[in-house]
file coords_5.cif (mmCIF, C-alpha atoms)
data_input
#
loop_
_atom_site.group_PDB
_atom_site.id
_atom_site.type_symbol
_atom_site.label_atom_id
_atom_site.label_comp_id
_atom_site.auth_asym_id
_atom_site.auth_seq_id
_atom_site.Cartn_x
_atom_site.Cartn_y
_atom_site.Cartn_z
ATOM 1 C CA MET K 1099 -2.353 20.246 -0.544
ATOM 2 C CA PRO K 1100 -4.889 20.211 2.300
ATOM 3 C CA VAL K 1101 -7.677 17.712 1.655
ATOM 4 C CA GLY K 1102 -10.866 17.638 3.709
ATOM 5 C CA VAL K 1103 -12.236 14.222 4.606
ATOM 6 C CA VAL K 1104 -16.025 13.792 4.682
ATOM 7 C CA LEU K 1105 -17.341 10.895 6.780
ATOM 8 C CA ARG K 1106 -20.966 9.780 6.514
ATOM 9 C CA ARG K 1107 -22.840 8.225 9.433
ATOM 10 C CA THR K 1108 -25.928 6.130 8.661
ATOM 11 C CA PRO K 1109 -27.967 3.854 10.929
ATOM 12 C CA GLY K 1110 -26.567 0.346 11.327
ATOM 13 C CA VAL K 1111 -28.363 -2.581 9.763
ATOM 14 C CA THR K 1112 -27.809 -4.986 12.663
ATOM 15 C CA ARG K 1113 -28.540 -4.718 16.348
ATOM 16 C CA TRP K 1114 -24.816 -4.982 17.128
ATOM 17 C CA ALA K 1115 -23.800 -1.885 15.178
ATOM 18 C CA LYS K 1116 -25.753 1.237 15.988
ATOM 19 C CA TRP K 1117 -24.021 3.320 13.271
ATOM 20 C CA HIS K 1118 -22.291 2.614 9.969
ATOM 21 C CA TRP K 1119 -19.446 4.970 9.012
ATOM 22 C CA THR K 1120 -18.052 5.453 5.501
ATOM 23 C CA CYS K 1121 -15.794 7.989 3.855
ATOM 24 C CA SER K 1122 -18.029 9.605 1.254
ATOM 25 C CA ALA K 1123 -15.908 12.371 -0.271
ATOM 26 C CA VAL K 1124 -12.722 14.427 -0.175
ATOM 27 C CA LEU K 1125 -12.538 18.205 -0.495
ATOM 28 C CA PRO K 1126 -9.321 19.511 -2.136
ATOM 29 C CA GLY K 1127 -8.064 22.767 -0.622
ATOM 30 C CA ALA K 1128 -10.451 22.614 2.356
ATOM 31 C CA ALA K 1129 -10.034 24.707 5.485
ATOM 32 C CA PRO K 1130 -9.133 23.006 8.767
ATOM 33 C CA ALA K 1131 -12.068 21.301 10.493
ATOM 34 C CA ASP K 1132 -12.717 19.026 13.430
ATOM 35 C CA TRP K 1133 -15.887 16.981 12.976
ATOM 36 C CA LYS K 1134 -17.964 19.850 11.638
ATOM 37 C CA GLU K 1135 -21.490 18.791 10.632
ATOM 38 C CA MET K 1136 -22.054 19.540 6.945
ATOM 39 C CA ARG K 1137 -25.385 17.977 5.993
ATOM 40 C CA ARG K 1138 -28.211 16.022 7.592
ATOM 41 C CA GLU K 1139 -30.724 13.870 5.691
ATOM 42 C CA GLY K 1140 -32.993 12.157 8.202
ATOM 43 C CA GLU K 1141 -30.730 9.967 10.316
ATOM 44 C CA ALA K 1142 -27.810 10.163 7.852
ATOM 45 C CA VAL K 1143 -25.258 12.843 8.742
ATOM 46 C CA GLU K 1144 -22.111 13.951 6.909
ATOM 47 C CA TYR K 1145 -19.192 15.402 8.852
ATOM 48 C CA HIS K 1146 -16.103 17.243 7.709
ATOM 49 C CA ALA K 1147 -13.961 15.123 10.015
ATOM 50 C CA ALA K 1148 -10.444 16.460 9.400
ATOM 51 C CA THR K 1149 -8.201 18.162 6.873
ATOM 52 C CA PRO K 1150 -4.892 16.290 6.550
ATOM 53 C CA VAL K 1151 -2.273 17.393 4.039
ATOM 54 C CA LEU K 1152 -1.870 15.302 0.883
ATOM 55 C CA GLU K 1153 1.871 15.079 0.208
ATOM 56 C CA LEU K 1154 3.331 13.751 -3.024
ATOM 57 C CA HIS K 1155 6.888 12.393 -3.123
ATOM 58 C CA GLY K 1156 9.019 11.906 -6.229
ATOM 59 C CA ALA K 1157 10.064 8.410 -5.148
ATOM 60 C CA GLU K 1158 6.388 7.342 -5.153
ATOM 61 C CA ALA K 1159 5.662 8.581 -8.690
ATOM 62 C CA GLU K 1160 5.277 5.025 -10.032
ATOM 63 C CA ALA K 1161 2.635 4.273 -7.361
ATOM 64 C CA TYR K 1162 0.730 7.454 -8.249
ATOM 65 C CA LEU K 1163 0.844 6.491 -11.937
ATOM 66 C CA HIS K 1164 -0.592 3.076 -11.063
ATOM 67 C CA GLY K 1165 -3.336 4.742 -9.024
ATOM 68 C CA LEU K 1166 -4.235 7.073 -11.896
ATOM 69 C CA SER K 1167 -4.356 4.224 -14.428
ATOM 70 C CA ILE K 1168 -7.246 2.364 -12.755
ATOM 71 C CA ALA K 1169 -10.845 2.862 -13.944
ATOM 72 C CA VAL K 1170 -11.694 5.356 -11.169
ATOM 73 C CA PRO K 1171 -8.618 7.224 -9.836
ATOM 74 C CA SER K 1172 -8.908 7.327 -6.070
ATOM 75 C CA LEU K 1173 -7.475 8.693 -2.873
ATOM 76 C CA TYR K 1174 -7.066 6.475 0.163
ATOM 77 C CA VAL K 1175 -8.091 7.747 3.598
ATOM 78 C CA VAL K 1176 -6.336 6.016 6.499
ATOM 79 C CA MET K 1177 -8.189 6.129 9.822
ATOM 80 C CA ARG K 1178 -7.718 4.606 13.253
ATOM 81 C CA ALA K 1179 -10.558 3.630 15.582
ATOM 82 C CA VAL K 1180 -10.769 5.736 18.751
ATOM 83 C CA HIS K 1181 -12.683 4.452 21.762
ATOM 84 C CA GLY K 1182 -14.344 6.510 24.461
ATOM 85 C CA GLN K 1183 -14.824 9.675 22.404
ATOM 86 C CA ASP K 1184 -17.777 11.288 20.618
ATOM 87 C CA PHE K 1185 -16.590 10.210 17.162
ATOM 88 C CA PRO K 1186 -15.225 6.729 16.405
ATOM 89 C CA TYR K 1187 -12.349 7.542 14.040
ATOM 90 C CA GLU K 1188 -9.206 9.630 13.913
ATOM 91 C CA VAL K 1189 -8.086 10.499 10.381
ATOM 92 C CA LEU K 1190 -4.368 9.759 10.099
ATOM 93 C CA LEU K 1191 -3.579 10.604 6.494
ATOM 94 C CA VAL K 1192 -4.740 10.850 2.909
ATOM 95 C CA THR K 1193 -2.594 9.314 0.174
ATOM 96 C CA ALA K 1194 -2.752 8.902 -3.595
ATOM 97 C CA SER K 1195 -0.514 5.820 -3.449
ATOM 98 C CA PRO K 1196 -2.296 2.461 -3.566
ATOM 99 C CA TYR K 1197 0.942 0.826 -2.390
ATOM 100 C CA GLU K 1198 1.076 2.927 0.783
ATOM 101 C CA ALA K 1199 -2.618 2.246 1.427
ATOM 102 C CA GLN K 1200 -1.978 -1.484 1.121
ATOM 103 C CA ASP K 1201 0.817 -1.226 3.693
ATOM 104 C CA TYR K 1202 -1.658 0.223 6.190
ATOM 105 C CA THR K 1203 -4.146 -2.598 5.578
ATOM 106 C CA ASP K 1204 -1.526 -5.225 6.462
ATOM 107 C CA SER K 1205 -1.502 -4.418 10.191
ATOM 108 C CA GLY K 1206 -5.277 -4.582 10.631
ATOM 109 C CA GLU K 1207 -5.190 -1.701 13.126
ATOM 110 C CA GLU K 1208 -6.155 0.998 10.628
ATOM 111 C CA VAL K 1209 -9.201 1.361 8.420
ATOM 112 C CA VAL K 1210 -8.469 2.331 4.800
ATOM 113 C CA GLU K 1211 -11.292 3.820 2.719
ATOM 114 C CA LYS K 1212 -11.030 4.286 -1.055
ATOM 115 C CA VAL K 1213 -12.630 7.532 -2.256
ATOM 116 C CA PRO K 1214 -12.931 8.726 -5.883
ATOM 117 C CA MET K 1215 -10.549 11.561 -6.664
ATOM 118 C CA PRO K 1216 -12.102 14.841 -7.924
ATOM 119 C CA ALA K 1217 -11.135 15.862 -11.483
ATOM 120 C CA GLY K 1218 -9.016 18.824 -10.354
ATOM 121 C CA LEU K 1219 -7.019 16.614 -8.021
ATOM 122 C CA VAL K 1220 -6.531 14.024 -10.787
ATOM 123 C CA ALA K 1221 -5.000 16.745 -12.972
ATOM 124 C CA TRP K 1222 -2.756 17.910 -10.110
ATOM 125 C CA VAL K 1223 -1.432 14.384 -9.420
ATOM 126 C CA GLN K 1224 -1.053 13.697 -13.169
ATOM 127 C CA GLU K 1225 1.075 16.834 -13.562
ATOM 128 C CA PHE K 1226 3.259 15.715 -10.651
ATOM 129 C CA VAL K 1227 3.697 12.240 -12.175
ATOM 130 C CA GLU K 1228 4.631 13.667 -15.582
ATOM 131 C CA GLU K 1229 7.296 15.810 -13.945
ATOM 132 C CA HIS K 1230 8.821 13.183 -11.621
ATOM 133 C CA TYR K 1231 8.222 9.713 -13.097
ATOM 134 C CA ARG K 1232 11.175 8.104 -14.855
ATOM 135 C CA GLU K 1233 10.747 4.570 -16.146
ATOM 136 C CA GLU K 1234 13.582 2.302 -15.094
ATOM 137 C CA THR K 1235 15.273 0.415 -17.902
ATOM 138 C CA PHE K 1236 15.499 -3.342 -17.500
ATOM 139 C CA VAL K 1237 19.068 -4.631 -17.162
ATOM 140 C CA LYS K 1238 19.463 -8.349 -17.613
ATOM 141 C CA ARG K 1239 21.824 -9.921 -15.146
ATOM 142 C CA LYS K 1240 24.756 -11.727 -16.751
ATOM 143 C CA ARG K 1241 25.982 -15.038 -15.454
ATOM 144 C CA ASP K 1242 29.584 -15.565 -14.531
ATOM 145 C CA LYS K 1243 31.705 -17.552 -16.991
ATOM 146 C CA LYS K 1244 32.800 -20.268 -14.532
ATOM 147 C CA ARG K 1245 31.348 -23.679 -15.405
ATOM 148 C CA THR K 1246 30.058 -25.496 -12.381
ATOM 149 C CA ASP K 1247 28.947 -28.630 -14.207
ATOM 150 C CA LEU K 1248 32.498 -29.914 -14.630
ATOM 151 C CA THR K 1249 33.187 -32.123 -11.604
ATOM 152 C CA GLN K 1250 35.540 -35.044 -11.241
ATOM 153 C CA ASP K 1251 34.458 -38.350 -9.794
ATOM 154 C CA GLY K 1252 35.415 -38.546 -6.120
ATOM 155 C CA ILE K 1253 36.034 -34.835 -5.635
ATOM 156 C CA GLY K 1254 33.404 -32.680 -4.015
ATOM 157 C CA ASP K 1255 32.289 -29.238 -5.020
ATOM 158 C CA PRO K 1256 35.315 -26.924 -4.779
ATOM 159 C CA ARG K 1257 33.076 -24.006 -3.760
ATOM 160 C CA VAL K 1258 32.160 -25.738 -0.489
ATOM 161 C CA GLY K 1259 34.898 -25.549 2.113
ATOM 162 C CA LYS K 1260 35.447 -28.634 4.297
ATOM 163 C CA ALA K 1261 38.034 -29.888 6.755
ATOM 164 C CA ALA K 1262 38.598 -33.221 5.010
ATOM 165 C CA ASP K 1263 37.484 -34.943 1.850
ATOM 166 C CA VAL K 1264 34.106 -36.190 3.046
ATOM 167 C CA TYR K 1265 32.775 -36.805 -0.412
ATOM 168 C CA ALA K 1266 32.706 -40.420 -1.512
ATOM 169 C CA SER K 1267 31.953 -41.069 -5.166
ATOM 170 C CA PRO K 1268 29.451 -43.752 -6.196
ATOM 171 C CA ALA K 1269 32.359 -45.837 -7.537
ATOM 172 C CA LEU K 1270 34.071 -45.804 -4.117
ATOM 173 C CA LYS K 1271 30.861 -46.748 -2.342
ATOM 174 C CA ARG K 1272 30.308 -49.713 -4.677
ATOM 175 C CA GLY K 1273 33.802 -50.954 -3.931
ATOM 176 C CA ARG K 1274 33.186 -50.877 -0.187
ATOM 177 C CA LEU K 1275 29.912 -52.797 -0.430
ATOM 178 C CA ILE K 1276 31.394 -55.733 -2.398
#
call {"tool": "encode", "arguments": {"input": "coords_5.cif", "output": "structure tokens"}}
result
Amino acid sequence: MPVGVVLRRTPGVTRWAKWHWTCSAVLPGAAPADWKEMRREGEAVEYHAATPVLELHGAEAEAYLHGLSIAVPSLYVVMRAVHGQDFPYEVLLVTASPYEAQDYTDSGEEVVEKVPMPAGLVAWVQEFVEEHYREETFVKRKRDKKRTDLTQDGIGDPRVGKAADVYASPALKRGRLI
């Protein structure tokens, strides 16, 4: 589904940052756009920056379920800083997976903004999760039946291969010291 990304530019609060950019909204089913000005309120301006496609994958259904179960279901907008152009960010993707968003935050090269998901989009993702999510059953691992606590004095662990018997039991060492 195409999702429009709305970025809001407000004046910076310090002398080092002239502008402060935030992702203020997403528009499900939006038409393609390239930094189209939507609204101006004094010095604050909202732009329809881009319209990436939100893709849902069956293997990520558990992540989507986790994202829907939080207090405010959200989409994550991943952006990369661009220098030397009119606008400071390039929108890379929009995802409903908090796990994928976290992966992008690990590198530190991308900016990830969390944006509340509109109700219609919540229903669309919920329907996808209901169709594709299958809870995995827990299977307890069984131990092998070989007992490793049975060792003889003076003989090393038979699981460790060695060229010669390098193990000396405490009884042998005591005999050498006397």
call {"tool": "residues_around", "arguments": {"input": "coords_5.cif", "residues": "stretch 1197-1206 of chain K", "least_positions_apart": "3", "cutoff": "12 Å", "atoms": "all atoms listed in the file", "output": "list of chain:residue names"}}
result
K:Leu1154, K:His1155, K:Glu1158, K:Ala1159, K:Glu1160, K:Ala1161, K:Tyr1162, K:Leu1163, K:His1164, K:Gly1165, K:Ser1172, K:Leu1173, K:Tyr1174, K:Val1175, K:Val1176, K:Met1177, K:Arg1178, K:Ala1179, K:Leu1190, K:Leu1191, K:Val1192, K:Thr1193, K:Ala1194, K:Val1209, K:Val1210, K:Glu1211, K:Lys1212, K:Val1213
call {"tool": "atom_distance", "arguments": {"input": "coords_5.cif", "atom1": "atom CA of K:His1230", "atom2": "atom CA of K:Pro1216"}}
result
21.3 Å
call {"tool": "residues_around", "arguments": {"input": "coords_5.cif", "residues": "K:Met1099", "least_positions_apart": "2", "cutoff": "7 Å", "atoms": "all atoms listed in the file", "output": "PyMOL selection string"}}
result
chain K and resi 1101+1127+1151-1153
call {"tool": "atom_distance", "arguments": {"input": "coords_5.cif", "atom1": "atom CA of K:Ala1221", "atom2": "atom CA of K:Pro1130"}}
result
23.0 Å
call {"tool": "residues_near_point", "arguments": {"input": "coords_5.cif", "point": "(1.5, 10.0, -15.1)", "cutoff": "8 Å", "atoms": "all atoms listed in the file", "output": "mmCIF file with C-alpha atoms, in the coordinates of the input"}}
result
data_model
loop_
_atom_site.group_PDB
_atom_site.id
_atom_site.type_symbol
_atom_site.label_atom_id
_atom_site.label_comp_id
_atom_site.auth_asym_id
_atom_site.auth_seq_id
_atom_site.Cartn_x
_atom_site.Cartn_y
_atom_site.Cartn_z
ATOM 1 C CA ALA K 1159 5.662 8.581 -8.690
ATOM 2 C CA TYR K 1162 0.730 7.454 -8.249
ATOM 3 C CA LEU K 1163 0.844 6.491 -11.937
ATOM 4 C CA LEU K 1166 -4.235 7.073 -11.896
ATOM 5 C CA VAL K 1223 -1.432 14.384 -9.420
ATOM 6 C CA GLN K 1224 -1.053 13.697 -13.169
ATOM 7 C CA GLU K 1225 1.075 16.834 -13.562
ATOM 8 C CA PHE K 1226 3.259 15.715 -10.651
ATOM 9 C CA VAL K 1227 3.697 12.240 -12.175
ATOM 10 C CA GLU K 1228 4.631 13.667 -15.582
ATOM 11 C CA TYR K 1231 8.222 9.713 -13.097
#
call {"tool": "resolve_selection", "arguments": {"input": "coords_5.cif", "expression": "the PyMOL selection byres ((chain K and resi 1186) around 12)", "output": "list in words"}}
result
Leu1105, Arg1106, Arg1107, Lys1116, Trp1117, His1118, Trp1119, Thr1120, Trp1133, Ala1147, Met1177, Arg1178, Ala1179, Val1180, His1181, Gly1182, Gln1183, Asp1184, Phe1185, Tyr1187, Glu1188, Val1189 and Val1209 of chain K
call {"tool": "residues_around", "arguments": {"input": "coords_5.cif", "residues": "K:Asp1132", "least_positions_apart": "2", "cutoff": "9 Å", "atoms": "all atoms listed in the file", "output": "compact mmCIF listing (two decimals) with C-alpha atoms, in the frame of the given file"}}
result
# COMPACT_ATOMS: atom_id res chain seq x y z
CA PRO K 1130 -9.13 23.01 8.77
CA LYS K 1134 -17.96 19.85 11.64
CA TYR K 1145 -19.19 15.40 8.85
CA HIS K 1146 -16.10 17.24 7.71
CA ALA K 1147 -13.96 15.12 10.02
CA ALA K 1148 -10.44 16.46 9.40
CA THR K 1149 -8.20 18.16 6.87
call {"tool": "atom_distance", "arguments": {"input": "coords_5.cif", "atom1": "atom CA of K:Ala1131", "atom2": "atom CA of K:Gly1156"}}
result
28.5 Å
call {"tool": "closest_residue", "arguments": {"input": "coords_5.cif", "among": "K:Glu1208, K:Pro1150, K:Val1103, K:Glu1229", "to": "K:Leu1125", "atoms": "all atoms listed in the file"}}
result
K:Val1103
call {"tool": "closest_residue", "arguments": {"input": "coords_5.cif", "among": "K:Ala1128, K:Ala1157, K:Met1215, K:Ala1169", "to": "K:Gly1102", "atoms": "only C-alpha atoms"}}
result
K:Ala1128
call {"tool": "axis_aligned_box", "arguments": {"input": "coords_5.cif", "around": "stretch 1194-1200 of chain K", "padding_each_side": "6 Å", "output": "lines of an AutoDock Vina configuration file"}}
result
center_x = -0.8
center_y = 3.7
center_z = -1.1
size_x = 15.8
size_y = 22.4
size_z = 17.0
